[in-house]
4 protein chains.
Amino acid sequence: MASRSDAPAPRSTATSARHADARPADPQWPTAITRIEPNTIQVRGYPVDELMGRLSFAEAIYLILRGELPTPSIGKLFEAVLVSSLDHGVTPPSTLAARNVATTGAPIRASVAAGVLGFGAFHGGDIESCMRFLQSGLARVREGSSYDDVAREMADGCLAQGRIPSGFGHRIHTFDPRAVRLLQLAQELELEGEHVRLVRAIERALRARPDAEQRAIPLNVDGAIAAVCGDMGFDPSLANPLFIIARVPGLIAHACEERERFPPMRQIDPTDHRYDGPPCRRLPASRK
Amino acid sequence: MASRSDAPAPRSTATSARHADARPADPQWPTAITRIEPNTIQVRGYPVDELMGRLSFAEAIYLILRGELPTPSIGKLFEAVLVSSLDHGVTPPSTLAARNVATTGAPIRASVAAGVLGFGAFHGGDIESCMRFLQSGLARVREGSSYDDVAREMADGCLAQGRIPSGFGHRIHTFDPRAVRLLQLAQELELEGEHVRLVRAIERALRARPDAEQRAIPLNVDGAIAAVCGDMGFDPSLANPLFIIARVPGLIAHACEERERFPPMRQIDPTDHRYDGPPCRRLPASRK
Amino acid sequence: MASRSDAPAPRSTATSARHADARPADPQWPTAITRIEPNTIQVRGYPVDELMGRLSFAEAIYLILRGELPTPSIGKLFEAVLVSSLDHGVTPPSTLAARNVATTGAPIRASVAAGVLGFGAFHGGDIESCMRFLQSGLARVREGSSYDDVAREMADGCLAQGRIPSGFGHRIHTFDPRAVRLLQLAQELELEGEHVRLVRAIERALRARPDAEQRAIPLNVDGAIAAVCGDMGFDPSLANPLFIIARVPGLIAHACEERERFPPMRQIDPTDHRYDGPPCRRLPASRK
Amino acid sequence: MASRSDAPAPRSTATSARHADARPADPQWPTAITRIEPNTIQVRGYPVDELMGRLSFAEAIYLILRGELPTPSIGKLFEAVLVSSLDHGVTPPSTLAARNVATTGAPIRASVAAGVLGFGAFHGGDIESCMRFLQSGLARVREGSSYDDVAREMADGCLAQGRIPSGFGHRIHTFDPRAVRLLQLAQELELEGEHVRLVRAIERALRARPDAEQRAIPLNVDGAIAAVCGDMGFDPSLANPLFIIARVPGLIAHACEERERFPPMRQIDPTDHRYDGPPCRRLPASRK
């Protein structure tokens, strides 16, 4: 389902003049994000130098987007959301766009821009679709239906139309370890709310299908992110931007690898690659 | 000074055929970043679900770019580098590019792409220039000159040509609190190395000038980032990408504000704005 | 009205697997645009070297987009459509995005990319909106209503909601000379069809308003382009792409001027510029 | 050879303040491209409505970039330059970047932006390299050497280093029909100048090699474009922009085909495609 954030935000159009050309400038137009004056840079009121060394990068991202500091628990869950979407290998079209630009000798920023443009409706936009999907279900829950009844309706409704519910299913994975881990963290951090409850109910409804054993339809990372972000109070319009923030380092890693390991103007076949990085390894005990 | 990373990476050109068209595909081309198989996503060998909740987003960024986990100290300093560059208000041309795209009703990712394209030689590229500048000086230190002698040569050499040494000076700030804080953190975390030593020596040389009181030439955040990144072992070619990673959330905040607070097709005057966000506030004691 | 081409094209989704990851590659996937073989390049079947010197650039653009050669009349009208949208000065946000990227020292192609991203729903997307608007009216004409009745309904319907009909009105111009000229050419070339008839009827309806003298609502260039493109058989989804093709040279001229005439990292105030180019001049008689 | 236009244009840096932040705005900054006033749009002084129907799109492009009208002969040759570079099939990395963005459901303009970012040093930048290469040779001709002597030096110099002279050779074609046609047109239009003379001399020098029969090194389209653009007085910095203008319609055709013929999120294998468009056909006699 196409992301509604691709539509321009609704604005007042109470004007008779055609806005085919730009409006006159607003005098002293206001901005509430960052204050710059001699010797001071404040982000949402906090001096940046005070944030450095005390807030993590992810907590600072939360601050600049939401306007307020996250609680420590929300900060941890938010870190995990970003880490979950860091990269997904060479096959996503956005990564291929970035690598194809890199192979022409363009600077890394050009690869990043090209890759980011690929986070469209069908790719990176699923989180927002899923958030809106969950919110439509939650509206019915708030009107009095049970989570399980609503979940069954949502699941059956989609399947009846030959569609997988938004946030579920995966081409490659029969269970998505990132989704499992994210919901586990939400539970540990006591941040489960109505979105997570509904998503777990949809999981149950999907597992209760007669053909569930032949055809697994697991919660995927987009659905898990949608659920925890909904419960952290994010507006659906921020879903795709969060995915952008998380994936940019992945795009950069791929663009750098393309430049460093391969000759320019290479034909990049997305079906004919192999992994030659480190074998599977675990974090040292000190990190667990 | 233009960033050398705008030049394509040197590659073997021992070919007779003109590469005006693309080379044939390499069979089974290798990639070492992320391994995707059913039910497993491993970034540089580490399962992503294991990283979630244990590595911060910044530590995961370090991992995917450098291939190995950062030490806890390096992780903290790296967080601070990214936080330092999160945003710089409405006036940078990259932010204006992002806001101008946003006012046309384009999706946030289009604003991000446009803004990222503005991180060119003169903007976001200064960190790399400064790293190379420092490395040229360090070459002379390793040959036997003292830090102070080299620093004096570097400072005097630039000033004699009517230029400010790379990484120093600022249009607005007489001292850059982000630079001060970053070097302070490097000291606290015992991560000061030869780059930081050289940058401090250049600071001393600039302060010793006869006209130093009339014209302050402080270390700026680009110089501080260059120094600590050099001592963390980053290659200069990663400087501009790190700036991209740090600034993308700032671009997103500005694009969102443009969409939410203003009508579309607005004439954005970068000289006629005012800050109406929260007043200066400090982190709660629990965060210090 | 937001351009519907911002929504992904409808595709079959009769699949159970989530397309969050990419589909497997299609073997021998087909392309019908350009054939490349040793010593031959054929665009839609025509050898490019044969087109060179015989087709104009605009006629070749028509060929590659539509798949067939335009008639000479359509070719001439199509040239005029593209010329009409070549540039509109420094104030459009897309041009400002391009100039802001240029002032950072980025290559021209980065400015072009940033500017193109600004051709969104409210800017460059109006042509498509207007084509769909006209087509909805033409559906009623084909059912038996007169052009004037349908035009009156369309005009009154919009005005009653406080909106200007799509393709009409302008912030700056009380009549748009490009719109006048385009319809004149359509008439001279005998290419007026139902779209042009309807647009002229809407013009008449708007001029017949009681308050028409106080508040001119002329046909603007987007409306004229929508009409003639509709009558040339273009699908509305090609409207924004045609605008891109036409405006790219304008973006390039602005990016070049920014680089050549101004120092880098300039604050570009869109409200405080003046024109210092050639005074108004006419084509030599040989060209008329 | 990397395009020097990737380096920022040299500007005065006689300032003590670091331009890490933007300069103050220039009051009433001048622009010489397009004049916009009520009811008039003038491009380089010419009212756009007057140009419509009298100048071709390519002639108008020449006007906006160069500031003056082309002569009819130059106009024709310029059309041919643009037509020559319209498209080169599915394999260029820029086209693949565009198609990969299109398959994610992004709007056409996002595909165009991504594709344009791929016109880097090794792709689309060859024309500028070749123009500078020719100009270095012409400097020696103006000092008194013969075209043939200079050509031999240039050819031998490159071959001795294992490189093909810029503008010559091709992976696929043993002769490039577009290059042949372009020089033929230059001759017919009596627009051959020193650049074309030199390029023909280099052709002769390459054909005179002992191993010329085993290994053809033909003039390619980039070399031909470089020669005729040099003789039309274009600055080398405009070479890459002209390629952008010419190729944008090709990128659009590919993005549209991707959206219309294929499901979203497709794995695009650049090595496994086939052409299914019209068979080879010739222009009707009326067009020759």
# chains A, B, ... in the order shown; residues from 1 in each chain; ligands from 1
>>> calpha_fit_rmsd(fixed="chain D", moving="chain B")
0.0 Å
>>> residues_around(residues="segment 107-124 of chain A", least_positions_apart="2", cutoff="6 Å", atoms="only C-alpha atoms", output="ChimeraX atom specification")
/A:2-3,94-95,97-98,101-102,126,240 /B:6,113 /D:101,104-106,110,114,117
>>> write_last_selection(atoms="N, CA, C and O atoms", output="PDB file, in the first residue's frame")
ATOM      1  N   ALA A   2       0.582   2.137  -0.872  1.00  0.00           N
ATOM      2  CA  ALA A   2       1.424   3.322  -1.008  1.00  0.00           C
ATOM      3  C   ALA A   2       1.403   4.156   0.259  1.00  0.00           C
ATOM      4  O   ALA A   2       0.390   4.264   0.937  1.00  0.00           O
ATOM      5  N   SER A   3       2.536   4.708   0.560  1.00  0.00           N
ATOM      6  CA  SER A   3       2.650   5.529   1.766  1.00  0.00           C
ATOM      7  C   SER A   3       1.918   6.835   1.559  1.00  0.00           C
ATOM      8  O   SER A   3       2.132   7.536   0.579  1.00  0.00           O
ATOM      9  N   SER A  94      17.498   0.081  -3.655  1.00  0.00           N
ATOM     10  CA  SER A  94      18.130   1.314  -3.208  1.00  0.00           C
ATOM     11  C   SER A  94      19.641   1.136  -3.098  1.00  0.00           C
ATOM     12  O   SER A  94      20.415   2.017  -3.468  1.00  0.00           O
ATOM     13  N   THR A  95      20.072  -0.007  -2.587  1.00  0.00           N
ATOM     14  CA  THR A  95      21.497  -0.277  -2.478  1.00  0.00           C
ATOM     15  C   THR A  95      22.115  -0.420  -3.868  1.00  0.00           C
ATOM     16  O   THR A  95      23.233   0.023  -4.111  1.00  0.00           O
ATOM     17  N   ALA A  97      21.006   1.062  -6.578  1.00  0.00           N
ATOM     18  CA  ALA A  97      21.091   2.418  -7.128  1.00  0.00           C
ATOM     19  C   ALA A  97      22.356   3.095  -6.610  1.00  0.00           C
ATOM     20  O   ALA A  97      23.115   3.703  -7.374  1.00  0.00           O
ATOM     21  N   ALA A  98      22.614   2.967  -5.309  1.00  0.00           N
ATOM     22  CA  ALA A  98      23.803   3.580  -4.721  1.00  0.00           C
ATOM     23  C   ALA A  98      25.081   3.001  -5.319  1.00  0.00           C
ATOM     24  O   ALA A  98      26.024   3.729  -5.650  1.00  0.00           O
ATOM     25  N   VAL A 101      25.660   4.198  -8.938  1.00  0.00           N
ATOM     26  CA  VAL A 101      26.210   5.558  -8.986  1.00  0.00           C
ATOM     27  C   VAL A 101      27.678   5.542  -8.572  1.00  0.00           C
ATOM     28  O   VAL A 101      28.518   6.202  -9.182  1.00  0.00           O
ATOM     29  N   ALA A 102      28.001   4.735  -7.556  1.00  0.00           N
ATOM     30  CA  ALA A 102      29.390   4.683  -7.085  1.00  0.00           C
ATOM     31  C   ALA A 102      30.323   4.184  -8.179  1.00  0.00           C
ATOM     32  O   ALA A 102      31.461   4.651  -8.297  1.00  0.00           O
ATOM     33  N   ASP A 126       6.962   0.729   3.892  1.00  0.00           N
ATOM     34  CA  ASP A 126       6.063  -0.231   4.510  1.00  0.00           C
ATOM     35  C   ASP A 126       5.803   0.068   5.979  1.00  0.00           C
ATOM     36  O   ASP A 126       4.754  -0.293   6.515  1.00  0.00           O
ATOM     37  N   ASN A 240       9.134   6.594   7.536  1.00  0.00           N
ATOM     38  CA  ASN A 240      10.081   6.546   6.419  1.00  0.00           C
ATOM     39  C   ASN A 240      11.347   7.330   6.733  1.00  0.00           C
ATOM     40  O   ASN A 240      12.457   6.862   6.464  1.00  0.00           O
TER      41      ASN A 240
ATOM     42  N   ASP B   6      36.452  13.950  -3.965  1.00  0.00           N
ATOM     43  CA  ASP B   6      35.611  14.191  -5.121  1.00  0.00           C
ATOM     44  C   ASP B   6      36.225  13.601  -6.372  1.00  0.00           C
ATOM     45  O   ASP B   6      35.547  13.421  -7.373  1.00  0.00           O
ATOM     46  N   ALA B 113      17.793  13.919  -0.001  1.00  0.00           N
ATOM     47  CA  ALA B 113      18.712  13.749  -1.139  1.00  0.00           C
ATOM     48  C   ALA B 113      19.270  15.096  -1.586  1.00  0.00           C
ATOM     49  O   ALA B 113      20.478  15.241  -1.802  1.00  0.00           O
TER      50      ALA B 113
ATOM     51  N   VAL D 101      15.683   2.794  -8.935  1.00  0.00           N
ATOM     52  CA  VAL D 101      14.813   3.696  -8.174  1.00  0.00           C
ATOM     53  C   VAL D 101      13.366   3.549  -8.647  1.00  0.00           C
ATOM     54  O   VAL D 101      12.436   3.518  -7.824  1.00  0.00           O
ATOM     55  N   THR D 104      11.178   0.779  -7.164  1.00  0.00           N
ATOM     56  CA  THR D 104      10.701   0.908  -5.795  1.00  0.00           C
ATOM     57  C   THR D 104       9.389   1.690  -5.728  1.00  0.00           C
ATOM     58  O   THR D 104       8.852   1.907  -4.648  1.00  0.00           O
ATOM     59  N   GLY D 105       8.886   2.139  -6.887  1.00  0.00           N
ATOM     60  CA  GLY D 105       7.642   2.899  -6.887  1.00  0.00           C
ATOM     61  C   GLY D 105       7.840   4.400  -6.751  1.00  0.00           C
ATOM     62  O   GLY D 105       6.873   5.140  -6.590  1.00  0.00           O
ATOM     63  N   ALA D 106       9.082   4.856  -6.831  1.00  0.00           N
ATOM     64  CA  ALA D 106       9.344   6.291  -6.686  1.00  0.00           C
ATOM     65  C   ALA D 106       8.856   7.039  -7.930  1.00  0.00           C
ATOM     66  O   ALA D 106       8.742   6.451  -9.004  1.00  0.00           O
ATOM     67  N   ALA D 110      12.460  11.192  -9.318  1.00  0.00           N
ATOM     68  CA  ALA D 110      13.470  10.563  -8.461  1.00  0.00           C
ATOM     69  C   ALA D 110      14.398   9.686  -9.295  1.00  0.00           C
ATOM     70  O   ALA D 110      15.607   9.652  -9.076  1.00  0.00           O
ATOM     71  N   ALA D 114      18.452  10.265  -9.698  1.00  0.00           N
ATOM     72  CA  ALA D 114      19.421   9.200  -9.434  1.00  0.00           C
ATOM     73  C   ALA D 114      20.282   8.934 -10.668  1.00  0.00           C
ATOM     74  O   ALA D 114      21.497   8.763 -10.578  1.00  0.00           O
ATOM     75  N   LEU D 117      22.882  11.649 -11.302  1.00  0.00           N
ATOM     76  CA  LEU D 117      24.013  11.582 -10.373  1.00  0.00           C
ATOM     77  C   LEU D 117      25.069  10.594 -10.843  1.00  0.00           C
ATOM     78  O   LEU D 117      26.207  10.619 -10.387  1.00  0.00           O
TER      79      LEU D 117
END
>>> residues_around(residues="Asp87 of chain D", least_positions_apart="2", cutoff="6 Å", atoms="only C-alpha atoms", output="MDAnalysis selection string")
chainID D and resid 85 89 247 250
>>> residues_around(residues="Phe57 of chain A", least_positions_apart="3", cutoff="10 Å", atoms="only C-alpha atoms", output="list in words")
Leu51, Met52, Gly53, Arg54, Ala60, Ile61, Tyr62, Leu63 and Glu79 of chain A; Ser56, Phe57, Ala58, Glu59, Lys76, Phe78, Glu79, Ala80, Val81, Leu82, Val83, Ser84, Leu86 and Ala246 of chain B
>>> closest_residue(among="B:Thr31, B:Thr103, B:Thr71, B:Thr40", to="Arg259 of chain B", atoms="only C-alpha atoms")
B:Thr103
>>> residues_around(residues="Ile268 of chain A", least_positions_apart="2", cutoff="10 Å", atoms="only C-alpha atoms", output="PyMOL selection string")
(chain A and resi 90+96+99-100+103+258+265-266+270-273) or (chain B and resi 22-27+29) or (chain D and resi 91+93+96+268-271)
>>> select_by_dssp(residues="segment 21-106 of chain C", states="helix (DSSP H, G or I)", output="number ranges by chain")
C: 48-51, 57-66, 72-84, 93-102
>>> write_last_selection(atoms="N, CA and C atoms", output="compact mmCIF listing (two decimals), in the first residue's frame")
# COMPACT_ATOMS: atom_id res chain seq x y z
N VAL C 48 20.40 5.69 -34.72
CA VAL C 48 20.59 7.05 -34.21
C VAL C 48 21.33 7.92 -35.21
N ASP C 49 22.29 7.36 -35.91
CA ASP C 49 23.04 8.17 -36.86
C ASP C 49 22.15 8.65 -38.00
N GLU C 50 21.11 7.91 -38.30
CA GLU C 50 20.17 8.36 -39.31
C GLU C 50 19.29 9.50 -38.77
N LEU C 51 18.96 9.45 -37.50
CA LEU C 51 18.15 10.51 -36.91
C LEU C 51 18.93 11.82 -36.80
N PHE C 57 16.09 17.58 -31.88
CA PHE C 57 16.20 16.98 -30.55
C PHE C 57 14.80 16.72 -29.99
N ALA C 58 13.91 17.70 -30.14
CA ALA C 58 12.56 17.53 -29.60
C ALA C 58 11.82 16.39 -30.31
N GLU C 59 11.99 16.27 -31.60
CA GLU C 59 11.33 15.17 -32.31
C GLU C 59 11.89 13.83 -31.85
N ALA C 60 13.18 13.79 -31.56
CA ALA C 60 13.79 12.55 -31.07
C ALA C 60 13.29 12.25 -29.65
N ILE C 61 13.08 13.28 -28.85
CA ILE C 61 12.51 13.09 -27.52
C ILE C 61 11.11 12.48 -27.64
N TYR C 62 10.31 13.05 -28.55
CA TYR C 62 8.97 12.51 -28.77
C TYR C 62 9.05 11.05 -29.16
N LEU C 63 9.97 10.73 -30.06
CA LEU C 63 10.12 9.35 -30.54
C LEU C 63 10.45 8.40 -29.40
N ILE C 64 11.42 8.79 -28.56
CA ILE C 64 11.85 7.84 -27.53
C ILE C 64 10.77 7.67 -26.47
N LEU C 65 9.97 8.71 -26.23
CA LEU C 65 8.94 8.60 -25.20
C LEU C 65 7.67 7.92 -25.72
N ARG C 66 7.28 8.24 -26.96
CA ARG C 66 6.01 7.74 -27.50
C ARG C 66 6.18 6.49 -28.35
N PRO C 72 5.02 16.28 -38.68
CA PRO C 72 5.70 17.58 -38.63
C PRO C 72 4.96 18.61 -37.78
N SER C 73 3.63 18.64 -37.89
CA SER C 73 2.87 19.61 -37.08
C SER C 73 3.01 19.33 -35.59
N ILE C 74 2.84 18.09 -35.23
CA ILE C 74 2.97 17.74 -33.81
C ILE C 74 4.39 18.04 -33.34
N GLY C 75 5.36 17.78 -34.19
CA GLY C 75 6.74 18.09 -33.82
C GLY C 75 6.92 19.56 -33.49
N LYS C 76 6.33 20.43 -34.33
CA LYS C 76 6.46 21.87 -34.08
C LYS C 76 5.78 22.29 -32.78
N LEU C 77 4.59 21.74 -32.55
CA LEU C 77 3.87 22.11 -31.34
C LEU C 77 4.61 21.60 -30.11
N PHE C 78 5.17 20.42 -30.24
CA PHE C 78 5.92 19.82 -29.13
C PHE C 78 7.17 20.65 -28.82
N GLU C 79 7.86 21.14 -29.87
CA GLU C 79 9.00 22.04 -29.63
C GLU C 79 8.55 23.23 -28.78
N ALA C 80 7.39 23.80 -29.16
CA ALA C 80 6.92 24.99 -28.46
C ALA C 80 6.56 24.71 -27.01
N VAL C 81 6.01 23.52 -26.75
CA VAL C 81 5.71 23.15 -25.36
C VAL C 81 6.99 23.15 -24.54
N LEU C 82 8.03 22.54 -25.09
CA LEU C 82 9.28 22.46 -24.34
C LEU C 82 9.91 23.84 -24.16
N VAL C 83 9.89 24.66 -25.23
CA VAL C 83 10.47 26.00 -25.11
C VAL C 83 9.72 26.83 -24.07
N SER C 84 8.42 26.62 -23.98
CA SER C 84 7.62 27.44 -23.06
C SER C 84 8.04 27.27 -21.61
N PRO C 93 11.25 27.42 -6.19
CA PRO C 93 12.03 26.68 -5.18
C PRO C 93 12.97 25.65 -5.80
N SER C 94 12.60 25.07 -6.93
CA SER C 94 13.50 24.11 -7.57
C SER C 94 14.78 24.78 -8.03
N THR C 95 14.65 25.99 -8.58
CA THR C 95 15.84 26.73 -9.01
C THR C 95 16.68 27.12 -7.81
N LEU C 96 16.04 27.48 -6.72
CA LEU C 96 16.78 27.83 -5.50
C LEU C 96 17.48 26.61 -4.92
N ALA C 97 16.83 25.47 -4.97
CA ALA C 97 17.50 24.25 -4.51
C ALA C 97 18.76 24.02 -5.35
N ALA C 98 18.63 24.19 -6.67
CA ALA C 98 19.78 23.99 -7.55
C ALA C 98 20.89 24.99 -7.25
N ARG C 99 20.52 26.24 -7.04
CA ARG C 99 21.53 27.26 -6.77
C ARG C 99 22.18 27.07 -5.41
N ASN C 100 21.41 26.64 -4.42
CA ASN C 100 21.99 26.38 -3.11
C ASN C 100 22.98 25.23 -3.15
N VAL C 101 22.70 24.22 -3.93
CA VAL C 101 23.67 23.13 -4.08
C VAL C 101 24.90 23.63 -4.84
N ALA C 102 24.67 24.48 -5.86
CA ALA C 102 25.80 24.98 -6.64
C ALA C 102 26.75 25.81 -5.78
>>> residues_around(residues="Ser166 of chain B", least_positions_apart="5", cutoff="8 Å", atoms="only C-alpha atoms", output="ChimeraX atom specification")
/B:126,129-130,133,223
>>> write_last_selection(atoms="N, CA and C atoms", output="PDB file, in the first residue's frame")
ATOM      1  N   ASP B 126      35.172  20.087   4.541  1.00  0.00           N
ATOM      2  CA  ASP B 126      36.304  20.667   5.248  1.00  0.00           C
ATOM      3  C   ASP B 126      36.996  19.684   6.175  1.00  0.00           C
ATOM      4  N   SER B 129      39.595  17.799   4.194  1.00  0.00           N
ATOM      5  CA  SER B 129      40.725  18.688   3.888  1.00  0.00           C
ATOM      6  C   SER B 129      41.607  18.848   5.111  1.00  0.00           C
ATOM      7  N   CYS B 130      40.968  19.029   6.262  1.00  0.00           N
ATOM      8  CA  CYS B 130      41.740  19.246   7.478  1.00  0.00           C
ATOM      9  C   CYS B 130      42.499  17.991   7.870  1.00  0.00           C
ATOM     10  N   PHE B 133      45.467  17.864   5.761  1.00  0.00           N
ATOM     11  CA  PHE B 133      46.357  18.950   6.201  1.00  0.00           C
ATOM     12  C   PHE B 133      47.155  18.487   7.417  1.00  0.00           C
ATOM     13  N   GLY B 223      37.881  21.082  12.514  1.00  0.00           N
ATOM     14  CA  GLY B 223      39.247  20.771  12.917  1.00  0.00           C
ATOM     15  C   GLY B 223      39.284  19.782  14.069  1.00  0.00           C
TER      16      GLY B 223
END
>>> closest_residue(among="D:Ile36, D:Ala226, D:Arg197, D:Pro278", to="chain A", atoms="only C-alpha atoms")
D:Ile36
>>> closest_residue(among="D:Leu159, D:Ile33, D:Ala186, D:Leu198", to="chain B", atoms="only C-alpha atoms")
D:Leu159
>>> select_by_dssp(residues="segment 36-205 of chain D", states="strand (DSSP E or B)", output="list in words")
Ile36, Glu37, Thr40, Ile41, Gln42, Val43, Tyr46, Pro47, Met52, Leu55 and Phe168 of chain D
>>> write_last_selection(atoms="all heavy atoms", output="short mmCIF file (atom, residue, chain, number, x, y, z; two decimals), in the first residue's frame")
data_model
loop_
_atom_site.label_atom_id
_atom_site.label_comp_id
_atom_site.auth_asym_id
_atom_site.auth_seq_id
_atom_site.Cartn_x
_atom_site.Cartn_y
_atom_site.Cartn_z
N ILE D 36 11.59 38.14 -15.28
CA ILE D 36 10.17 37.86 -15.02
C ILE D 36 9.53 39.14 -14.53
O ILE D 36 9.93 39.70 -13.52
CB ILE D 36 10.00 36.79 -13.93
CG1 ILE D 36 10.77 35.52 -14.27
CG2 ILE D 36 8.52 36.49 -13.70
CD1 ILE D 36 10.17 34.70 -15.36
N GLU D 37 8.54 39.59 -15.27
CA GLU D 37 7.71 40.70 -14.79
C GLU D 37 6.28 40.40 -15.19
O GLU D 37 6.04 39.50 -15.99
CB GLU D 37 8.20 42.02 -15.40
CG GLU D 37 9.50 42.50 -14.78
CD GLU D 37 10.01 43.77 -15.44
OE1 GLU D 37 9.22 44.40 -16.17
OE2 GLU D 37 11.18 44.10 -15.23
N THR D 40 5.32 39.13 -18.72
CA THR D 40 6.45 38.97 -19.63
C THR D 40 7.48 38.02 -19.04
O THR D 40 7.82 38.11 -17.85
CB THR D 40 7.09 40.32 -20.01
OG1 THR D 40 8.03 40.10 -21.05
CG2 THR D 40 7.83 40.96 -18.83
N ILE D 41 7.92 37.12 -19.86
CA ILE D 41 9.04 36.24 -19.49
C ILE D 41 10.05 36.33 -20.63
O ILE D 41 9.72 36.00 -21.77
CB ILE D 41 8.60 34.76 -19.35
CG1 ILE D 41 7.51 34.61 -18.28
CG2 ILE D 41 9.76 33.88 -18.99
CD1 ILE D 41 6.19 34.24 -18.85
N GLN D 42 11.22 36.82 -20.31
CA GLN D 42 12.25 36.98 -21.34
C GLN D 42 13.45 36.13 -20.99
O GLN D 42 13.99 36.22 -19.88
CB GLN D 42 12.68 38.44 -21.45
CG GLN D 42 11.55 39.37 -21.87
CD GLN D 42 11.87 40.82 -21.61
OE1 GLN D 42 13.02 41.18 -21.35
NE2 GLN D 42 10.85 41.67 -21.66
N VAL D 43 13.86 35.30 -21.94
CA VAL D 43 15.05 34.47 -21.75
C VAL D 43 16.21 35.10 -22.52
O VAL D 43 16.13 35.22 -23.75
CB VAL D 43 14.79 33.03 -22.25
CG1 VAL D 43 16.09 32.23 -22.27
CG2 VAL D 43 13.75 32.35 -21.38
N TYR D 46 14.96 37.69 -24.90
CA TYR D 46 13.94 37.37 -25.90
C TYR D 46 12.65 36.91 -25.21
O TYR D 46 12.67 35.98 -24.40
CB TYR D 46 14.41 36.25 -26.82
CG TYR D 46 15.59 36.63 -27.67
CD1 TYR D 46 16.90 36.32 -27.28
CD2 TYR D 46 15.42 37.32 -28.87
CE1 TYR D 46 17.99 36.69 -28.05
CE2 TYR D 46 16.49 37.69 -29.65
CZ TYR D 46 17.78 37.37 -29.24
OH TYR D 46 18.85 37.73 -30.02
N PRO D 47 11.50 37.54 -25.52
CA PRO D 47 10.25 37.06 -24.94
C PRO D 47 10.01 35.60 -25.31
O PRO D 47 10.10 35.22 -26.48
CB PRO D 47 9.19 37.97 -25.58
CG PRO D 47 9.94 39.20 -25.98
CD PRO D 47 11.31 38.74 -26.37
N MET D 52 8.70 30.66 -28.96
CA MET D 52 7.86 29.48 -29.18
C MET D 52 7.35 29.46 -30.60
O MET D 52 6.74 30.40 -31.08
CB MET D 52 6.68 29.49 -28.18
CG MET D 52 7.11 29.30 -26.74
SD MET D 52 5.78 29.78 -25.56
CE MET D 52 4.46 28.66 -26.04
N LEU D 55 11.96 29.18 -32.55
CA LEU D 55 13.19 28.48 -32.22
C LEU D 55 12.83 27.04 -31.87
O LEU D 55 11.81 26.77 -31.24
CB LEU D 55 13.88 29.10 -30.99
CG LEU D 55 14.69 30.37 -31.09
CD1 LEU D 55 15.60 30.49 -29.88
CD2 LEU D 55 15.50 30.46 -32.36
N PHE D 168 38.51 8.15 -28.10
CA PHE D 168 38.71 7.07 -29.07
C PHE D 168 38.49 5.72 -28.42
O PHE D 168 38.56 5.58 -27.21
CB PHE D 168 40.14 7.13 -29.65
CG PHE D 168 40.33 8.28 -30.58
CD1 PHE D 168 40.61 9.55 -30.10
CD2 PHE D 168 40.21 8.09 -31.96
CE1 PHE D 168 40.76 10.62 -30.98
CE2 PHE D 168 40.37 9.16 -32.83
CZ PHE D 168 40.65 10.43 -32.34
#
